[in-house]
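Trainee: Structure file work_19.tsv (TSV, C-alpha atoms) right here:
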chain	number	residue	atom	x	y	z
C	1	MET	CA	0.00	0.00	0.00
C	2	THR	CA	1.37	3.43	-0.88
C	3	LYS	CA	1.66	6.28	1.58
C	4	GLU	CA	-1.03	8.20	-0.29
C	5	GLU	CA	-3.41	5.23	-0.12
C	6	ILE	CA	-2.85	4.99	3.63
C	7	LEU	CA	-3.47	8.72	4.07
C	8	ASP	CA	-6.66	8.37	2.00
C	9	ILE	CA	-7.88	5.49	4.19
C	10	VAL	CA	-7.15	7.37	7.42
C	11	GLY	CA	-8.56	10.67	6.17
C	12	SER	CA	-11.70	9.10	4.76
C	13	ALA	CA	-12.40	7.06	7.91
C	14	ALA	CA	-11.91	10.15	10.10
C	15	ARG	CA	-14.14	12.29	7.87
C	16	GLU	CA	-16.90	9.67	7.79
C	17	ALA	CA	-16.76	9.19	11.58
C	18	GLN	CA	-17.08	12.96	12.05
C	19	ILE	CA	-20.06	13.17	9.69
C	20	ARG	CA	-21.69	10.20	11.43
C	21	ASP	CA	-20.91	11.04	15.08
C	22	ASP	CA	-20.14	14.79	15.17
C	23	VAL	CA	-17.23	14.19	17.61
C	24	CYS	CA	-14.06	15.63	16.08
C	25	SER	CA	-11.62	14.28	18.67
C	26	ARG	CA	-12.85	10.70	18.57
C	27	SER	CA	-13.23	10.80	14.79
C	28	LEU	CA	-9.54	11.57	14.35
C	29	LEU	CA	-8.56	8.54	16.45
C	30	ILE	CA	-11.08	6.31	14.66
C	31	GLY	CA	-9.51	7.37	11.37
C	32	LEU	CA	-5.98	6.69	12.58
C	33	ASN	CA	-6.95	3.32	13.97
C	34	GLU	CA	-8.35	2.30	10.60
C	35	TYR	CA	-4.77	1.76	9.48
C	36	PHE	CA	-2.52	1.84	12.54
C	37	GLY	CA	-4.61	-0.16	15.01
C	38	PHE	CA	-2.53	0.68	18.10
C	39	ILE	CA	-4.96	3.04	19.80
C	40	PRO	CA	-6.80	1.26	22.63
C	41	ASP	CA	-10.59	1.41	22.65
C	42	GLU	CA	-10.44	3.05	26.10
C	43	VAL	CA	-8.45	5.96	24.67
C	44	ILE	CA	-10.89	6.35	21.79
C	45	ARG	CA	-13.79	6.30	24.26
C	46	ALA	CA	-12.10	8.83	26.57
C	47	SER	CA	-11.28	11.13	23.64
C	48	PHE	CA	-14.95	12.16	23.39
C	49	SER	CA	-14.23	14.54	26.28
C	50	LEU	CA	-11.76	16.49	24.14
C	51	CYS	CA	-14.20	17.59	21.42
C	52	GLY	CA	-15.26	21.19	21.00
C	53	GLY	CA	-11.85	22.56	21.85
C	54	ALA	CA	-10.90	20.31	24.77
C	55	GLY	CA	-14.08	19.65	26.69
C	56	ALA	CA	-16.26	22.14	24.79
C	57	SER	CA	-14.11	24.95	26.22
C	58	SER	CA	-13.18	26.40	22.80
C	59	GLY	CA	-9.54	25.78	23.65
C	60	SER	CA	-7.17	23.38	21.91
C	61	CYS	CA	-8.72	21.65	18.91
C	62	GLY	CA	-9.96	18.14	19.68
C	63	CYS	CA	-8.12	16.86	16.61
C	64	TYR	CA	-4.92	18.47	17.79
C	65	THR	CA	-5.20	17.02	21.30
C	66	CYS	CA	-6.04	13.57	19.98
C	67	GLY	CA	-3.22	13.75	17.46
C	68	LEU	CA	-0.97	14.40	20.46
C	69	LEU	CA	-2.43	11.32	22.17
C	70	ALA	CA	-1.61	9.19	19.12
C	71	ILE	CA	1.92	10.61	18.92
C	72	GLY	CA	2.32	9.94	22.64
C	73	LEU	CA	1.09	6.37	22.35
C	74	LYS	CA	3.64	5.71	19.65
C	75	TYR	CA	6.67	7.63	20.91
C	76	ASN	CA	6.43	8.14	24.68
C	77	ALA	CA	8.32	5.58	26.74
C	78	PRO	CA	6.42	3.56	29.33
C	79	LEU	CA	6.64	5.27	32.73
C	80	GLU	CA	8.74	2.48	34.26
C	81	ASP	CA	11.29	2.77	31.45
C	82	GLU	CA	11.34	6.54	31.73
C	83	LEU	CA	11.91	6.37	35.48
C	84	ASP	CA	14.88	4.08	34.86
C	85	ASP	CA	16.21	6.33	32.09
C	86	PRO	CA	14.93	9.94	32.27
C	87	ASP	CA	16.57	10.72	28.92
C	88	LEU	CA	13.81	8.69	27.25
C	89	GLN	CA	11.39	11.51	28.03
C	90	SER	CA	13.14	13.73	25.50
C	91	ILE	CA	12.18	11.40	22.62
C	92	GLY	CA	8.47	11.85	23.24
C	93	GLN	CA	8.93	15.54	23.95
C	94	GLN	CA	10.76	16.06	20.66
C	95	LYS	CA	7.97	14.25	18.78
C	96	PHE	CA	5.09	16.17	20.36
C	97	MET	CA	6.80	19.51	19.73
C	98	GLU	CA	7.45	18.48	16.13
C	99	TYR	CA	3.76	17.54	15.83
C	100	ARG	CA	2.74	20.90	17.35
C	101	ASP	CA	4.90	22.78	14.84
C	102	ARG	CA	3.61	20.77	11.88
C	103	PHE	CA	0.00	21.19	13.01
C	104	ILE	CA	0.39	24.96	13.28
C	105	LYS	CA	2.16	25.17	9.92
C	106	GLU	CA	-0.52	23.10	8.15
C	107	MET	CA	-3.64	24.23	10.02
C	108	GLY	CA	-2.71	27.75	11.11
C	109	SER	CA	-3.52	27.26	14.80
C	110	THR	CA	-4.12	24.65	17.48
C	111	LEU	CA	-7.21	26.47	18.77
C	112	CYS	CA	-10.70	25.29	17.86
C	113	PRO	CA	-12.23	28.76	17.25
C	114	GLU	CA	-9.35	29.74	14.98
C	115	LEU	CA	-9.79	26.57	12.92
C	116	GLN	CA	-13.55	27.16	12.80
C	117	LYS	CA	-12.89	30.49	11.08
C	118	GLN	CA	-11.46	28.54	8.15
C	119	VAL	CA	-14.70	26.66	7.47
C	120	PHE	CA	-17.41	28.79	9.09
C	121	GLY	CA	-15.97	32.25	8.54
C	122	ARG	CA	-16.01	32.84	12.30
C	123	GLY	CA	-15.09	31.11	15.54
C	124	PHE	CA	-17.48	29.99	18.25
C	125	ASP	CA	-17.08	30.09	22.01
C	126	PHE	CA	-18.86	27.00	23.34
C	127	LYS	CA	-18.86	28.47	26.84
C	128	ASN	CA	-21.19	31.18	25.52
C	129	PRO	CA	-24.74	29.76	25.14
C	130	GLU	CA	-25.56	32.03	22.18
C	131	ASP	CA	-22.40	31.00	20.32
C	132	ALA	CA	-23.01	27.31	21.04
C	133	ALA	CA	-26.60	27.64	19.81
C	134	ALA	CA	-25.44	29.41	16.64
C	135	PHE	CA	-22.90	26.66	15.95
C	136	PHE	CA	-25.43	23.85	16.36
C	137	ALA	CA	-28.07	25.78	14.38
C	138	ASP	CA	-25.89	25.22	11.33
C	139	LYS	CA	-27.23	21.83	10.26
C	140	GLU	CA	-24.05	21.23	8.24
C	141	HIS	CA	-21.61	21.95	11.10
C	142	HIS	CA	-20.57	18.30	11.37
C	143	ILE	CA	-19.82	18.18	7.64
C	144	LYS	CA	-17.87	21.43	7.76
C	145	CYS	CA	-15.86	20.23	10.75
C	146	ALA	CA	-15.13	17.03	8.82
C	147	GLN	CA	-12.83	19.10	6.58
C	148	ILE	CA	-10.62	19.91	9.58
C	149	VAL	CA	-10.85	16.36	10.95
C	150	GLU	CA	-9.75	14.80	7.66
C	151	LYS	CA	-6.88	17.23	7.20
C	152	ALA	CA	-5.68	16.70	10.79
C	153	ALA	CA	-5.96	12.91	10.50
C	154	ARG	CA	-3.85	12.90	7.33
C	155	LEU	CA	-1.26	15.17	8.97
C	156	THR	CA	-1.03	12.92	12.03
C	157	ALA	CA	-0.85	9.76	9.94
C	158	GLU	CA	1.90	11.24	7.80
C	159	MET	CA	4.04	11.80	10.88
C	160	LEU	CA	3.29	8.33	12.26
C	161	LEU	CA	4.29	6.77	8.95
C	162	GLU	CA	7.70	8.41	8.78
C	163	ASP	CA	9.41	5.90	11.05
C	164	GLU	CA	7.84	3.04	9.10
C	165	GLU	CA	9.38	4.45	5.92
C	166	ASN	CA	12.88	4.62	7.41
Please render this file's structure as structure tokens.

Mentor:
Amino acid sequence: MTKEEILDIVGSAAREAQIRDDVCSRSLLIGLNEYFGFIPDEVIRASFSLCGGAGASSGSCGCYTCGLLAIGLKYNAPLEDELDDPDLQSIGQQKFMEYRDRFIKEMGSTLCPELQKQVFGRGFDFKNPEDAAAFFADKEHHIKCAQIVEKAARLTAEMLLEDEEN
């Protein structure tokens, strides 16, 4: 399977999960797991709490935070190993900072309202009842958010694939 085919599988699965479920954070992990398969069901279940900008707080994008979870699952050392060799922590740290930089370069921001501006023309503050109501009044919001979810899933998968290529 080519890299592009893998990215298509991951991106499509993430997009379809977002359209079906309207949970950006979980949809990204569902998409990644379509190919990679290393993300435990418990992590996917828990990721629901990160949607809407990390717990509907309009903070860090749910796709960004869940991309970090996937990067962490792949690159962070088990705690016991890290306690034995504290230098192992720097490997995971290097990877999550690289992911942060790539995400910002590709997406423009790690913040949910800033990413919403790209597809809605404005950001929403889910802590504000009027803003939340306006967001959900758009009957296509889940489809519009799917654009971000797919793009973020492909970006995350691309980084996860790099070590497989080498």

Trainee: Please provide as an NGL selection string all residues within 12 Å of region 106-122 of chain C, with the sequence filter that same-chain residues fewer than 3 positions apart are discarded (counting all atoms listed in the file).

Mentor: :C and (24-25 or 50-68 or 99-103 or 125-127 or 131-132 or 134-136 or 138 or 140-156)

Trainee: Please write as a PDB file with C-alpha atoms, keeping the file's coordinate frame the list of polymer residues whose atoms come within 7 Å of (0.6, 10.1, 16.5), counting only C-alpha atoms and keeping to the coordinates of the file.

Mentor:
ATOM      1  CA  GLY C  67      -3.220  13.750  17.460  1.00  0.00           C
ATOM      2  CA  LEU C  68      -0.970  14.400  20.460  1.00  0.00           C
ATOM      3  CA  LEU C  69      -2.430  11.320  22.170  1.00  0.00           C
ATOM      4  CA  ALA C  70      -1.610   9.190  19.120  1.00  0.00           C
ATOM      5  CA  ILE C  71       1.920  10.610  18.920  1.00  0.00           C
ATOM      6  CA  GLY C  72       2.320   9.940  22.640  1.00  0.00           C
ATOM      7  CA  LEU C  73       1.090   6.370  22.350  1.00  0.00           C
ATOM      8  CA  LYS C  74       3.640   5.710  19.650  1.00  0.00           C
ATOM      9  CA  THR C 156      -1.030  12.920  12.030  1.00  0.00           C
ATOM     10  CA  ALA C 157      -0.850   9.760   9.940  1.00  0.00           C
ATOM     11  CA  MET C 159       4.040  11.800  10.880  1.00  0.00           C
ATOM     12  CA  LEU C 160       3.290   8.330  12.260  1.00  0.00           C
TER      13      LEU C 160
END

Trainee: To one decimal place, how far is CA of Asn33 (chain C) from CA of Lys105 (chain C) in Å?

Mentor: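 Spanning CA of Asn33 (chain C) to CA of Lys105 (chain C) is a straight-line distance of 24.0 Å.
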
Trainee: Can you measure CA of Ala46 (chain C) to CA of Glu16 (chain C) for me? One decimal in Å is fine.

Mentor: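 Result for CA of Ala46 (chain C) versus CA of Glu16 (chain C): 19.4 Å, one decimal.
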
Trainee: Report the distance between CA of Glu80 (chain C) and CA of Ile30 (chain C) in Å, rounded to one decimal place.

Mentor: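 We find that CA of Glu80 (chain C) and CA of Ile30 (chain C) lie 28.1 Å from each other.
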
Trainee: List the spatial neighbours of Leu161 (chain C) as a PyMOL selection string - criterion: any atom at most 10 Å away, all atoms listed in the file, same-chain residues fewer than 3 positions off excluded.

Mentor: chain C and resi 3+6-7+36+156-158+164-166
